[in-house]
>>> print(open('target-v4.txt').read())   # compact mmCIF, C-alpha atoms
# COMPACT_ATOMS: atom_id res chain seq x y z
CA MET A 121 129.01 24.61 20.67
CA ALA A 122 125.33 25.52 20.70
CA THR A 123 126.22 29.01 19.47
CA TYR A 124 127.91 27.56 16.37
CA GLU A 125 124.97 25.28 15.65
CA TYR A 126 122.63 28.22 16.02
CA SER A 127 124.81 30.33 13.69
CA ASP A 128 124.99 27.48 11.19
CA GLU A 129 121.21 27.12 11.31
CA LEU A 130 120.77 30.88 10.67
CA ILE A 131 123.12 30.70 7.70
CA LEU A 132 121.31 27.67 6.26
CA ASN A 133 117.91 29.34 6.69
CA ALA A 134 119.15 32.54 5.05
CA ARG A 135 120.56 30.52 2.14
CA ARG A 136 117.24 28.64 1.71
CA ASN A 137 115.30 31.91 1.79
CA LEU A 138 117.63 33.43 -0.82
CA GLU A 139 117.23 30.39 -3.07
CA THR A 140 113.43 30.61 -2.73
CA LEU A 141 113.44 34.33 -3.64
CA GLU A 142 115.70 33.67 -6.63
CA ALA A 143 113.44 30.85 -7.84
CA GLN A 144 110.42 33.15 -7.57
CA SER A 145 112.15 35.95 -9.50
CA HIS A 146 113.04 33.45 -12.27
CA SER A 147 109.55 31.92 -12.43
CA SER A 148 107.98 31.54 -15.86
CA GLU A 149 105.22 34.01 -14.91
CA VAL A 150 107.74 36.72 -13.97
CA VAL A 151 109.86 36.02 -17.06
CA GLN A 152 106.81 36.21 -19.37
CA GLN A 153 105.81 39.57 -17.88
CA GLU A 154 109.34 40.90 -18.26
CA LEU A 155 109.58 39.76 -21.88
CA GLN A 156 106.81 42.24 -22.72
CA GLN A 157 109.07 45.16 -21.74
CA SER A 158 111.37 47.30 -23.85
CA ILE A 159 114.60 49.07 -22.98
CA TYR A 160 112.78 52.19 -24.18
CA ASP A 161 110.26 51.92 -21.30
CA ASP A 162 110.78 54.27 -18.34
CA VAL A 163 111.67 51.35 -16.06
CA VAL A 164 112.42 47.74 -16.97
CA THR A 165 112.47 44.92 -14.44
CA ILE A 166 115.07 42.20 -14.87
CA PHE A 167 114.28 39.30 -12.53
CA GLU A 168 112.21 41.79 -10.51
CA VAL A 169 115.07 44.30 -10.23
CA PRO A 170 114.09 47.75 -11.57
CA VAL A 171 116.55 48.95 -14.22
CA PHE A 172 116.68 52.33 -15.95
CA PHE A 173 118.15 52.44 -19.46
CA GLN A 174 119.71 55.40 -21.24
CA ASP A 175 121.63 56.14 -24.42
CA TRP A 176 125.39 56.06 -23.90
CA LYS A 177 127.86 57.75 -26.23
CA ILE A 178 130.70 55.38 -27.11
CA LEU A 179 133.81 55.41 -29.29
CA GLN A 180 134.61 59.04 -28.54
CA ASP A 181 130.98 60.04 -29.36
CA ARG A 182 131.02 58.32 -32.76
CA ALA A 183 128.17 55.96 -31.83
CA SER A 184 125.61 55.35 -29.12
CA ILE A 185 124.18 52.30 -27.41
CA ARG A 186 121.30 51.92 -24.97
CA MET A 187 122.27 50.24 -21.72
CA PRO A 188 121.51 50.45 -17.98
CA SER A 189 122.11 53.93 -16.62
CA ASP A 190 124.20 52.69 -13.70
CA PHE A 191 126.62 50.62 -15.77
CA ILE A 192 130.22 51.71 -15.36
CA ALA A 193 133.21 51.31 -17.63
CA ARG A 194 135.46 48.62 -16.21
CA THR A 195 139.18 49.21 -15.72
CA GLU A 196 141.83 47.50 -17.83
CA GLU A 197 142.70 45.31 -14.84
CA GLU A 198 139.06 44.23 -14.42
CA ILE A 199 138.77 43.48 -18.14
CA ALA A 200 141.99 41.44 -18.07
CA SER A 201 140.71 39.39 -15.12
CA VAL A 202 137.56 38.39 -17.04
CA TYR A 203 139.10 37.93 -20.50
CA VAL A 204 142.08 35.75 -19.67
CA LEU A 205 142.11 33.98 -23.04
CA GLY A 206 141.99 35.52 -26.49
CA THR A 207 141.59 39.14 -27.47
CA LYS A 208 140.38 41.49 -24.77
CA PRO A 209 137.75 44.07 -25.70
CA GLN A 210 138.63 47.75 -25.41
CA SER A 211 135.60 48.58 -23.25
CA VAL A 212 133.41 46.58 -20.89
CA TYR A 213 130.37 47.95 -19.07
CA SER A 214 128.52 46.35 -16.16
CA ASN A 215 127.29 46.96 -12.65
CA GLY A 216 127.48 44.90 -9.47
CA TYR A 217 124.02 43.39 -9.44
CA LEU A 218 122.91 42.57 -12.99
CA SER A 219 124.21 39.33 -14.37
CA PHE A 220 125.25 40.60 -17.79
CA MET A 221 127.91 42.83 -19.30
CA ILE A 222 128.44 44.63 -22.57
CA ALA A 223 131.85 44.49 -24.25
CA LEU A 224 133.00 46.58 -27.24
CA ASN A 225 136.00 46.30 -29.53
CA TRP A 226 136.41 48.87 -32.31
CA THR A 227 138.94 47.15 -34.53
CA ASN A 228 141.27 48.52 -37.19
CA ASN A 229 139.74 46.10 -39.72
CA LEU A 230 138.17 48.01 -42.58
CA ILE A 231 134.63 47.07 -43.54
CA SER A 232 131.86 48.99 -45.27
CA ASN A 233 128.30 49.31 -44.04
CA ASP A 234 127.19 47.32 -47.12
CA ASN A 235 129.48 44.38 -46.28
CA ILE A 236 128.75 44.06 -42.57
CA HIS A 237 126.19 41.28 -43.10
CA ASP A 238 128.77 39.16 -44.94
CA PHE A 239 131.06 39.39 -41.92
CA THR A 240 128.53 37.47 -39.79
CA GLN A 241 129.07 34.31 -41.84
CA PHE A 242 132.84 34.58 -41.37
CA ALA A 243 132.45 35.26 -37.63
CA SER A 244 130.09 32.31 -37.22
CA ARG A 245 132.54 29.89 -38.83
CA ALA A 246 135.45 31.32 -36.82
CA ILE A 247 133.58 30.98 -33.51
CA GLU A 248 132.67 27.36 -34.26
CA ARG A 249 136.30 26.54 -35.18
CA VAL A 250 138.07 28.42 -32.40
CA GLY A 251 135.65 27.45 -29.66
CA PRO A 252 134.92 23.76 -30.14
CA GLN A 253 132.41 23.97 -27.30
CA CYS A 254 130.48 26.81 -28.95
CA ARG A 255 127.11 26.38 -30.60
CA ILE A 256 125.60 28.97 -32.94
CA LEU A 257 121.92 29.52 -32.15
CA ASN A 258 120.79 32.31 -34.47
CA THR A 259 121.92 35.03 -36.84
CA GLU A 260 120.00 38.14 -37.75
CA LYS A 261 120.62 40.94 -40.24
CA LEU A 262 119.15 44.38 -39.60
CA HIS A 263 119.11 46.79 -42.53
CA ARG A 264 119.43 50.42 -41.49
CA PRO A 265 120.02 53.46 -43.73
CA ASP A 266 122.98 54.77 -41.71
CA CYS A 267 124.30 51.65 -40.02
CA ASN A 268 123.50 48.03 -40.85
CA LEU A 269 123.76 45.63 -37.95
CA SER A 270 124.38 41.90 -37.77
CA ILE A 271 123.59 39.86 -34.69
CA LEU A 272 124.99 36.44 -33.84
CA GLN A 273 123.74 34.46 -30.85
CA PHE A 274 125.73 31.51 -29.52
CA LEU A 275 126.44 29.41 -26.45
CA ALA A 276 129.98 29.05 -25.17
CA GLN A 277 131.32 26.74 -22.48
CA THR A 278 133.45 28.52 -19.87
CA LEU A 279 135.43 26.97 -17.05
CA ASP A 280 132.44 26.94 -14.70
CA SER A 281 129.26 27.59 -16.73
CA VAL A 282 127.67 27.95 -20.14
CA ASN A 283 127.42 31.55 -21.33
CA MET A 284 124.95 33.01 -23.77
CA ASN A 285 126.55 35.54 -26.09
CA VAL A 286 124.69 38.03 -28.25
CA MET A 287 127.39 39.43 -30.51
CA PHE A 288 126.74 42.34 -32.84
CA PHE A 289 128.73 43.81 -35.71
CA ALA A 290 128.61 47.25 -37.30
CA SER A 291 130.75 49.52 -39.42
CA VAL A 292 131.71 52.76 -37.65
CA GLU A 293 133.71 55.17 -39.82
CA GLY A 294 134.58 52.25 -42.08
CA ARG A 295 136.03 50.15 -39.24
CA LEU A 296 134.55 47.00 -37.73
CA LEU A 297 132.85 47.36 -34.35
CA ILE A 298 132.36 44.08 -32.49
CA GLY A 299 130.10 44.18 -29.47
CA SER A 300 128.79 41.46 -27.22
CA ILE A 301 126.30 41.04 -24.44
CA THR A 302 127.28 38.09 -22.27
CA PHE A 303 125.33 36.36 -19.51
CA ASN A 304 124.85 32.93 -17.99
CA GLN A 305 122.68 30.63 -20.10
CA LYS A 306 120.47 29.83 -17.10
CA ASP A 307 119.31 33.47 -17.21
CA ALA A 308 118.28 33.28 -20.88
CA SER A 309 114.59 33.06 -21.67
>>> encode(input="target-v4.txt", output="structure tokens")
Amino acid sequence: MATYEYSDELILNARRNLETLEAQSHSSEVVQQELQQSIYDDVVTIFEVPVFFQDWKILQDRASIRMPSDFIARTEEEIASVYVLGTKPQSVYSNGYLSFMIALNWTNNLISNDNIHDFTQFASRAIERVGPQCRILNTEKLHRPDCNLSILQFLAQTLDSVNMNVMFFASVEGRLLIGSITFNQKDAS
């Protein structure tokens, strides 16, 4: 019996130590330092984890996106297990230790580069209607010569947490690209 108590005590101590380390890595001082970084820096730390970013070719080399160099494309089975409701994205990228993922869906919906900003208003209304537990936080329109970009930030209630979603929209070869970066709200700063 003493062996079990000793093992239980070790497990509890390890759990407390892990919680302490996690609290330190999420401290306001650490977060403020990390907010000064850019994905164009040689190394970025995310909650004190060093991360290297690189440009990735996507959509059969039609576009590129900057994301962690060790992200991997998830299988269809992995995507289906995460997106059990609604439309599944065509591609999802993540790794095993960062608490965010990037999802992409290049739709067959036709939209011009000039009209991409108008789509954000439609998407915002649709998200609020479809997801009654969704709250729009911010929208942003970026004007670019070759590819305008719209960004929509919102919170969404899941079965076990509240997720922060940074959704972006672009026109690639006249078709709508919908991308999203999703992570737990507690990790947002």
>>> residues_around(input="target-v4.txt", residues="Cys254 in chain A", least_positions_apart="6", cutoff="8 Å", atoms="only C-alpha atoms", output="JSON, numbers by chain")
{"A": [247, 248, 274, 275, 276, 277]}
>>> atom_distance(input="target-v4.txt", atom1="CA of Phe242 in chain A", atom2="CA of Gly294 in chain A")
17.8 Å
>>> closest_residue(input="target-v4.txt", among="A:Asn258, A:Asn225, A:Gln253, A:Ala246", to="Phe289 in chain A", atoms="all atoms listed in the file")
A:Asn225
>>> residues_around(input="target-v4.txt", residues="Glu198 in chain A", least_positions_apart="5", cutoff="12 Å", atoms="all atoms listed in the file", output="ChimeraX atom specification")
/A:192-193,203-204,208-214
>>> atom_distance(input="target-v4.txt", atom1="CA of Ile185 in chain A", atom2="CA of Ile231 in chain A")
19.9 Å
>>> closest_residue(input="target-v4.txt", among="A:Ile199, A:Cys267, A:Met284, A:Leu279", to="Ser184 in chain A", atoms="only C-alpha atoms")
A:Cys267
>>> build_atoms(input="target-v4.txt", residues="range 188-199 of chain A", atoms="all heavy atoms", output="compact mmCIF listing (two decimals), keeping the file's coordinate frame")
# COMPACT_ATOMS: atom_id res chain seq x y z
N PRO A 188 121.91 49.97 -19.31
CA PRO A 188 121.51 50.45 -17.98
C PRO A 188 122.26 51.71 -17.58
O PRO A 188 123.47 51.84 -17.81
CB PRO A 188 121.84 49.27 -17.06
CG PRO A 188 121.66 48.08 -17.94
CD PRO A 188 122.21 48.52 -19.28
N SER A 189 121.53 52.64 -16.96
CA SER A 189 122.11 53.93 -16.62
C SER A 189 123.20 53.84 -15.56
O SER A 189 124.06 54.71 -15.49
CB SER A 189 121.01 54.89 -16.15
OG SER A 189 120.36 54.36 -15.01
N ASP A 190 123.18 52.79 -14.74
CA ASP A 190 124.20 52.69 -13.70
C ASP A 190 125.35 51.76 -14.07
O ASP A 190 126.17 51.41 -13.22
CB ASP A 190 123.58 52.27 -12.36
CG ASP A 190 122.93 50.90 -12.40
OD1 ASP A 190 122.78 50.33 -13.50
OD2 ASP A 190 122.57 50.40 -11.33
N PHE A 191 125.45 51.36 -15.33
CA PHE A 191 126.62 50.62 -15.77
C PHE A 191 127.84 51.54 -15.66
O PHE A 191 127.72 52.76 -15.82
CB PHE A 191 126.46 50.16 -17.22
CG PHE A 191 125.93 48.76 -17.36
CD1 PHE A 191 125.17 48.16 -16.37
CD2 PHE A 191 126.17 48.04 -18.51
CE1 PHE A 191 124.68 46.87 -16.51
CE2 PHE A 191 125.68 46.76 -18.67
CZ PHE A 191 124.94 46.17 -17.67
N ILE A 192 128.97 50.95 -15.39
CA ILE A 192 130.22 51.71 -15.36
C ILE A 192 131.23 51.04 -16.28
O ILE A 192 131.15 49.84 -16.53
CB ILE A 192 130.81 51.83 -13.93
CG1 ILE A 192 131.10 50.47 -13.33
CG2 ILE A 192 129.89 52.62 -13.03
CD1 ILE A 192 131.93 50.53 -12.06
N ALA A 193 132.13 51.85 -16.81
CA ALA A 193 133.21 51.31 -17.63
C ALA A 193 134.19 50.62 -16.71
O ALA A 193 134.64 51.20 -15.71
CB ALA A 193 133.88 52.43 -18.41
N ARG A 194 134.53 49.39 -17.02
CA ARG A 194 135.46 48.62 -16.21
C ARG A 194 136.90 49.00 -16.54
O ARG A 194 137.21 49.39 -17.67
CB ARG A 194 135.23 47.12 -16.42
CG ARG A 194 133.87 46.65 -15.94
CD ARG A 194 133.76 46.93 -14.46
NE ARG A 194 132.40 46.77 -13.98
CZ ARG A 194 132.06 46.96 -12.72
NH1 ARG A 194 132.94 47.35 -11.84
NH2 ARG A 194 130.83 46.80 -12.33
N THR A 195 137.76 48.87 -15.54
CA THR A 195 139.18 49.21 -15.72
C THR A 195 139.87 48.14 -16.56
O THR A 195 139.35 47.02 -16.73
CB THR A 195 139.89 49.31 -14.36
OG1 THR A 195 139.90 48.01 -13.76
CG2 THR A 195 139.21 50.32 -13.45
N GLU A 196 141.05 48.47 -17.06
CA GLU A 196 141.83 47.50 -17.83
C GLU A 196 142.14 46.26 -17.00
O GLU A 196 142.13 45.14 -17.52
CB GLU A 196 143.12 48.15 -18.34
CG GLU A 196 142.89 49.12 -19.47
CD GLU A 196 144.18 49.61 -20.09
OE1 GLU A 196 145.16 48.84 -20.15
OE2 GLU A 196 144.20 50.78 -20.51
N GLU A 197 142.40 46.44 -15.71
CA GLU A 197 142.70 45.31 -14.84
C GLU A 197 141.46 44.41 -14.69
O GLU A 197 141.58 43.18 -14.70
CB GLU A 197 143.17 45.78 -13.45
CG GLU A 197 144.51 46.48 -13.44
CD GLU A 197 144.43 47.95 -13.90
OE1 GLU A 197 143.34 48.57 -13.85
OE2 GLU A 197 145.48 48.47 -14.33
N GLU A 198 140.29 45.02 -14.53
CA GLU A 198 139.06 44.23 -14.42
C GLU A 198 138.77 43.48 -15.71
O GLU A 198 138.38 42.31 -15.69
CB GLU A 198 137.87 45.14 -14.06
CG GLU A 198 137.93 45.69 -12.65
CD GLU A 198 136.88 46.75 -12.39
OE1 GLU A 198 136.64 47.62 -13.27
OE2 GLU A 198 136.31 46.72 -11.29
N ILE A 199 138.99 44.13 -16.84
CA ILE A 199 138.77 43.48 -18.14
C ILE A 199 139.73 42.30 -18.29
O ILE A 199 139.32 41.21 -18.69
CB ILE A 199 138.93 44.49 -19.30
CG1 ILE A 199 137.82 45.54 -19.24
CG2 ILE A 199 138.93 43.78 -20.65
CD1 ILE A 199 138.01 46.71 -20.19
